[in-house]
>>> print(open('final-v4.cif').read())   # mmCIF, N, CA and C atoms
data_target
#
loop_
_atom_site.label_atom_id
_atom_site.label_comp_id
_atom_site.auth_asym_id
_atom_site.auth_seq_id
_atom_site.Cartn_x
_atom_site.Cartn_y
_atom_site.Cartn_z
N MET A 1 248.54 178.25 21.01
CA MET A 1 247.25 178.25 21.66
C MET A 1 246.66 176.86 21.59
N SER A 2 246.00 176.47 22.64
CA SER A 2 245.40 175.15 22.72
C SER A 2 243.99 175.18 22.15
N ASP A 3 243.59 174.06 21.54
CA ASP A 3 242.23 173.94 21.01
C ASP A 3 241.23 173.59 22.10
N ILE A 4 241.72 173.19 23.28
CA ILE A 4 240.83 172.80 24.38
C ILE A 4 240.59 174.01 25.27
N PRO A 5 239.32 174.37 25.44
CA PRO A 5 239.03 175.50 26.32
C PRO A 5 239.47 175.20 27.74
N GLU A 6 239.84 176.24 28.48
CA GLU A 6 240.30 176.06 29.86
C GLU A 6 239.25 175.39 30.73
N THR A 7 237.99 175.52 30.40
CA THR A 7 236.92 174.95 31.21
C THR A 7 236.49 173.58 30.72
N ALA A 8 237.25 172.99 29.81
CA ALA A 8 236.86 171.69 29.24
C ALA A 8 236.83 170.63 30.32
N ASP A 9 235.86 169.72 30.22
CA ASP A 9 235.73 168.60 31.15
C ASP A 9 236.59 167.45 30.64
N THR A 10 237.65 167.15 31.36
CA THR A 10 238.56 166.07 30.94
C THR A 10 238.34 164.80 31.74
N SER A 11 237.25 164.71 32.50
CA SER A 11 237.01 163.54 33.34
C SER A 11 236.79 162.28 32.52
N ALA A 12 236.38 162.40 31.27
CA ALA A 12 236.13 161.23 30.43
C ALA A 12 237.41 160.73 29.76
N MET A 13 238.50 161.47 29.89
CA MET A 13 239.76 161.06 29.27
C MET A 13 240.33 159.86 30.02
N ALA A 14 241.01 158.99 29.30
CA ALA A 14 241.59 157.79 29.90
C ALA A 14 242.68 158.18 30.89
N GLN A 15 242.71 157.46 32.00
CA GLN A 15 243.74 157.67 33.00
C GLN A 15 244.88 156.69 32.75
N ARG A 16 246.09 157.13 32.88
CA ARG A 16 247.25 156.25 32.70
C ARG A 16 247.43 155.39 33.95
N ARG A 17 247.76 154.13 33.72
CA ARG A 17 248.02 153.22 34.83
C ARG A 17 249.50 153.29 35.19
N SER A 18 249.78 153.13 36.46
CA SER A 18 251.17 153.11 36.91
C SER A 18 251.81 151.79 36.50
N THR A 19 253.13 151.75 36.53
CA THR A 19 253.85 150.53 36.20
C THR A 19 253.42 149.39 37.13
N GLU A 20 253.22 149.71 38.40
CA GLU A 20 252.80 148.69 39.37
C GLU A 20 251.41 148.14 39.03
N GLU A 21 250.49 149.02 38.62
CA GLU A 21 249.16 148.58 38.23
C GLU A 21 249.21 147.67 37.01
N ILE A 22 250.04 148.04 36.04
CA ILE A 22 250.18 147.24 34.83
C ILE A 22 250.74 145.87 35.16
N GLU A 23 251.78 145.82 36.00
CA GLU A 23 252.36 144.53 36.40
C GLU A 23 251.33 143.67 37.11
N ARG A 24 250.52 144.28 37.97
CA ARG A 24 249.48 143.54 38.70
C ARG A 24 248.44 142.98 37.73
N LEU A 25 248.02 143.79 36.76
CA LEU A 25 247.04 143.32 35.78
C LEU A 25 247.58 142.17 34.95
N VAL A 26 248.84 142.25 34.53
CA VAL A 26 249.45 141.18 33.74
C VAL A 26 249.54 139.91 34.58
N GLU A 27 249.93 140.04 35.85
CA GLU A 27 249.99 138.87 36.73
C GLU A 27 248.60 138.25 36.91
N GLN A 28 247.58 139.08 37.08
CA GLN A 28 246.22 138.57 37.23
C GLN A 28 245.76 137.84 35.98
N TYR A 29 246.08 138.41 34.80
CA TYR A 29 245.72 137.75 33.55
C TYR A 29 246.40 136.39 33.46
N ARG A 30 247.70 136.35 33.69
CA ARG A 30 248.44 135.09 33.56
C ARG A 30 247.95 134.04 34.55
N ALA A 31 247.59 134.46 35.75
CA ALA A 31 247.10 133.52 36.78
C ALA A 31 245.68 133.06 36.48
N SER A 32 244.95 133.80 35.66
CA SER A 32 243.54 133.48 35.41
C SER A 32 243.36 132.21 34.59
N GLY A 33 244.32 131.89 33.73
CA GLY A 33 244.18 130.74 32.86
C GLY A 33 243.23 130.98 31.70
N LEU A 34 242.76 132.21 31.55
CA LEU A 34 241.83 132.57 30.47
C LEU A 34 242.59 133.00 29.24
N THR A 35 241.91 132.95 28.10
CA THR A 35 242.50 133.54 26.90
C THR A 35 242.44 135.06 27.07
N GLN A 36 243.19 135.77 26.24
CA GLN A 36 243.18 137.23 26.32
C GLN A 36 241.77 137.77 26.10
N ILE A 37 241.07 137.20 25.13
CA ILE A 37 239.72 137.68 24.83
C ILE A 37 238.79 137.44 26.02
N GLU A 38 238.83 136.24 26.60
CA GLU A 38 237.96 135.94 27.74
C GLU A 38 238.28 136.86 28.93
N TYR A 39 239.57 137.06 29.19
CA TYR A 39 239.96 137.92 30.31
C TYR A 39 239.45 139.35 30.11
N CYS A 40 239.61 139.86 28.89
CA CYS A 40 239.17 141.23 28.60
C CYS A 40 237.65 141.35 28.71
N ARG A 41 236.92 140.34 28.25
CA ARG A 41 235.46 140.38 28.38
C ARG A 41 235.05 140.42 29.84
N GLN A 42 235.72 139.62 30.68
CA GLN A 42 235.34 139.55 32.09
C GLN A 42 235.73 140.80 32.87
N THR A 43 236.84 141.43 32.49
CA THR A 43 237.32 142.58 33.25
C THR A 43 236.96 143.92 32.63
N GLY A 44 236.49 143.90 31.36
CA GLY A 44 236.16 145.16 30.70
C GLY A 44 237.37 145.87 30.12
N MET A 45 238.53 145.20 30.12
CA MET A 45 239.73 145.81 29.55
C MET A 45 239.69 145.69 28.03
N VAL A 46 240.25 146.65 27.35
CA VAL A 46 240.33 146.62 25.90
C VAL A 46 241.45 145.64 25.51
N LEU A 47 241.16 144.75 24.55
CA LEU A 47 242.10 143.71 24.14
C LEU A 47 243.45 144.28 23.71
N SER A 48 243.45 145.35 22.96
CA SER A 48 244.72 145.93 22.50
C SER A 48 245.54 146.48 23.67
N THR A 49 244.86 146.94 24.72
CA THR A 49 245.57 147.43 25.90
C THR A 49 246.28 146.28 26.60
N LEU A 50 245.58 145.15 26.78
CA LEU A 50 246.21 143.99 27.41
C LEU A 50 247.39 143.53 26.57
N GLY A 51 247.23 143.48 25.25
CA GLY A 51 248.32 143.08 24.38
C GLY A 51 249.53 143.99 24.54
N ARG A 52 249.30 145.28 24.62
CA ARG A 52 250.40 146.24 24.80
C ARG A 52 251.10 146.00 26.14
N TYR A 53 250.31 145.75 27.20
CA TYR A 53 250.91 145.49 28.51
C TYR A 53 251.74 144.21 28.49
N LEU A 54 251.25 143.18 27.81
CA LEU A 54 251.99 141.92 27.74
C LEU A 54 253.29 142.10 26.95
N ARG A 55 253.25 142.86 25.85
CA ARG A 55 254.47 143.10 25.08
C ARG A 55 255.45 143.94 25.88
N ARG A 56 254.95 144.92 26.60
CA ARG A 56 255.81 145.78 27.40
C ARG A 56 256.51 144.97 28.48
N GLY A 57 255.78 144.05 29.09
CA GLY A 57 256.33 143.23 30.16
C GLY A 57 257.34 142.22 29.70
N SER A 58 257.31 141.87 28.40
CA SER A 58 258.24 140.86 27.92
C SER A 58 259.67 141.40 27.91
N GLY A 59 259.82 142.70 27.72
CA GLY A 59 261.13 143.32 27.78
C GLY A 59 262.12 142.82 26.74
N GLY A 60 261.65 142.01 25.80
CA GLY A 60 262.53 141.52 24.78
C GLY A 60 263.50 140.46 25.27
N GLU A 61 263.37 140.05 26.52
CA GLU A 61 264.26 139.02 27.05
C GLU A 61 263.92 137.68 26.41
N GLN A 62 264.96 136.89 26.20
CA GLN A 62 264.74 135.56 25.66
C GLN A 62 265.18 134.56 26.72
N ARG A 63 264.45 133.47 26.79
CA ARG A 63 264.79 132.41 27.74
C ARG A 63 265.03 131.13 26.96
N LEU A 64 265.93 130.34 27.45
CA LEU A 64 266.14 129.02 26.90
C LEU A 64 265.32 128.04 27.72
N LEU A 65 264.65 127.14 27.04
CA LEU A 65 263.85 126.14 27.71
C LEU A 65 264.39 124.76 27.37
N ARG A 66 264.47 123.91 28.37
CA ARG A 66 264.88 122.53 28.13
C ARG A 66 263.67 121.78 27.60
N VAL A 67 263.88 121.02 26.54
CA VAL A 67 262.81 120.23 25.96
C VAL A 67 263.25 118.78 25.87
N ASP A 68 262.31 117.88 25.99
CA ASP A 68 262.58 116.46 25.81
C ASP A 68 262.24 116.10 24.38
N VAL A 69 263.17 115.44 23.71
CA VAL A 69 262.95 115.02 22.34
C VAL A 69 262.73 113.52 22.34
N GLU A 70 261.62 113.11 21.79
CA GLU A 70 261.31 111.69 21.72
C GLU A 70 261.74 111.15 20.36
N ALA A 71 261.54 109.87 20.17
CA ALA A 71 261.91 109.24 18.90
C ALA A 71 261.24 109.97 17.75
N ALA A 72 261.92 110.00 16.63
CA ALA A 72 261.39 110.67 15.45
C ALA A 72 260.07 110.03 15.04
N PRO A 73 259.07 110.84 14.74
CA PRO A 73 257.79 110.28 14.33
C PRO A 73 257.88 109.63 12.95
N GLU A 74 256.93 108.78 12.69
CA GLU A 74 256.87 108.17 11.36
C GLU A 74 256.53 109.25 10.34
N ALA A 75 256.95 109.05 9.13
CA ALA A 75 256.69 110.03 8.08
C ALA A 75 255.19 110.26 7.94
N GLY A 76 254.78 111.52 7.94
CA GLY A 76 253.37 111.88 7.79
C GLY A 76 252.55 111.71 9.06
N ALA A 77 253.21 111.38 10.18
CA ALA A 77 252.47 111.13 11.42
C ALA A 77 252.10 112.43 12.14
N GLY A 78 252.64 113.56 11.74
CA GLY A 78 252.32 114.82 12.38
C GLY A 78 253.27 115.12 13.52
N PHE A 79 252.83 115.99 14.41
CA PHE A 79 253.69 116.38 15.53
C PHE A 79 252.84 116.82 16.72
N VAL A 80 253.48 116.90 17.88
CA VAL A 80 252.87 117.41 19.10
C VAL A 80 253.88 118.37 19.72
N VAL A 81 253.42 119.59 20.07
CA VAL A 81 254.25 120.57 20.75
C VAL A 81 253.54 120.93 22.04
N VAL A 82 254.24 120.84 23.18
CA VAL A 82 253.68 121.28 24.45
C VAL A 82 254.41 122.57 24.81
N LEU A 83 253.67 123.67 24.92
CA LEU A 83 254.25 124.99 25.16
C LEU A 83 254.50 125.20 26.64
N GLY A 84 255.32 126.18 26.95
CA GLY A 84 255.66 126.50 28.33
C GLY A 84 254.45 126.89 29.16
N ASN A 85 253.40 127.40 28.53
CA ASN A 85 252.21 127.79 29.27
C ASN A 85 251.24 126.63 29.45
N GLY A 86 251.68 125.40 29.06
CA GLY A 86 250.85 124.22 29.25
C GLY A 86 249.96 123.88 28.06
N ARG A 87 249.87 124.77 27.12
CA ARG A 87 249.04 124.49 25.95
C ARG A 87 249.72 123.44 25.08
N ARG A 88 248.93 122.67 24.39
CA ARG A 88 249.42 121.56 23.58
C ARG A 88 248.91 121.73 22.15
N ILE A 89 249.80 121.58 21.18
CA ILE A 89 249.44 121.66 19.77
C ILE A 89 249.72 120.30 19.15
N GLU A 90 248.68 119.70 18.58
CA GLU A 90 248.84 118.43 17.86
C GLU A 90 248.37 118.66 16.44
N SER A 91 249.13 118.12 15.50
CA SER A 91 248.73 118.32 14.12
C SER A 91 249.29 117.23 13.23
N GLY A 92 248.51 116.88 12.23
CA GLY A 92 248.96 115.98 11.19
C GLY A 92 249.42 116.76 9.97
N TRP A 93 249.28 118.08 10.04
CA TRP A 93 249.67 118.93 8.93
C TRP A 93 251.18 119.04 8.87
N ARG A 94 251.65 119.31 7.69
CA ARG A 94 253.08 119.54 7.51
C ARG A 94 253.29 121.05 7.43
N PHE A 95 254.09 121.58 8.32
CA PHE A 95 254.39 123.00 8.34
C PHE A 95 255.84 123.22 7.94
N GLY A 96 256.09 124.32 7.26
CA GLY A 96 257.45 124.77 7.07
C GLY A 96 257.91 125.39 8.38
N GLU A 97 259.19 125.62 8.52
CA GLU A 97 259.75 126.15 9.77
C GLU A 97 259.11 127.49 10.15
N SER A 98 258.95 128.40 9.19
CA SER A 98 258.40 129.72 9.51
C SER A 98 256.93 129.63 9.91
N GLU A 99 256.15 128.75 9.26
CA GLU A 99 254.74 128.61 9.62
C GLU A 99 254.59 128.03 11.02
N LEU A 100 255.42 127.02 11.36
CA LEU A 100 255.36 126.42 12.69
C LEU A 100 255.75 127.44 13.76
N ALA A 101 256.78 128.24 13.49
CA ALA A 101 257.19 129.28 14.45
C ALA A 101 256.05 130.26 14.68
N ARG A 102 255.33 130.61 13.63
CA ARG A 102 254.20 131.55 13.77
C ARG A 102 253.08 130.92 14.59
N VAL A 103 252.76 129.64 14.36
CA VAL A 103 251.73 128.95 15.13
C VAL A 103 252.10 128.96 16.61
N ILE A 104 253.35 128.68 16.92
CA ILE A 104 253.80 128.65 18.32
C ILE A 104 253.70 130.04 18.94
N ARG A 105 254.13 131.09 18.21
CA ARG A 105 254.04 132.46 18.76
C ARG A 105 252.60 132.83 19.07
N VAL A 106 251.69 132.51 18.17
CA VAL A 106 250.28 132.85 18.37
C VAL A 106 249.73 132.07 19.56
N ALA A 107 250.04 130.79 19.64
CA ALA A 107 249.52 129.97 20.75
C ALA A 107 250.07 130.43 22.09
N GLU A 108 251.33 130.83 22.15
CA GLU A 108 251.90 131.27 23.42
C GLU A 108 251.35 132.61 23.86
N SER A 109 250.93 133.45 22.94
CA SER A 109 250.42 134.77 23.30
C SER A 109 248.93 134.76 23.58
N ALA A 110 248.24 133.70 23.25
CA ALA A 110 246.79 133.63 23.45
C ALA A 110 246.44 133.33 24.89
#
>>> encode(input="final-v4.cif", output="structure tokens")
Amino acid sequence: MSDIPETADTSAMAQRRSTEEIERLVEQYRASGLTQIEYCRQTGMVLSTLGRYLRRGSGGEQRLLRVDVEAAPEAGAGFVVVLGNGRRIESGWRFGESELARVIRVAESA
């Protein structure tokens, strides 16, 4: 037996978006140039929903990117990373490999 009466009003329940709608929303977000938070504020979308759509769209595929390597920096001079989405990270901090990988993941998903 169901706990919901047959006459229950379900109009307030969330509607599922089709795959096409999700793809369109992800494309609109990526084209907007906004951060996830800014995009969600402007569109009224819940941040966790956008995050789920972005993860779903990634499909776990990995891409190789060609990078240009310049001369090794002087000791303690820091580093500059330019991400595929155009964002740039400059730092004089010294990161271990795992910390740097985490910074890059966060920056690419923002």
>>> closest_residue(input="final-v4.cif", among="A:Arg88, A:Asp68, A:Leu25, A:Leu50", to="Ile37 in chain A", atoms="only C-alpha atoms")
A:Leu50
>>> atom_distance(input="final-v4.cif", atom1="CA of Gln36 in chain A", atom2="atom N of Arg16 in chain A")
21.2 Å
>>> residues_around(input="final-v4.cif", residues="Ile22 in chain A", least_positions_apart="5", cutoff="8 Å", atoms="all atoms listed in the file", output="PyMOL selection string")
chain A and resi 17+27-28+53-54+57
>>> atom_distance(input="final-v4.cif", atom1="atom C of Phe79 in chain A", atom2="atom C of Thr35 in chain A")
23.4 Å
>>> atom_distance(input="final-v4.cif", atom1="atom C of Glu23 in chain A", atom2="atom C of Arg41 in chain A")
18.1 Å
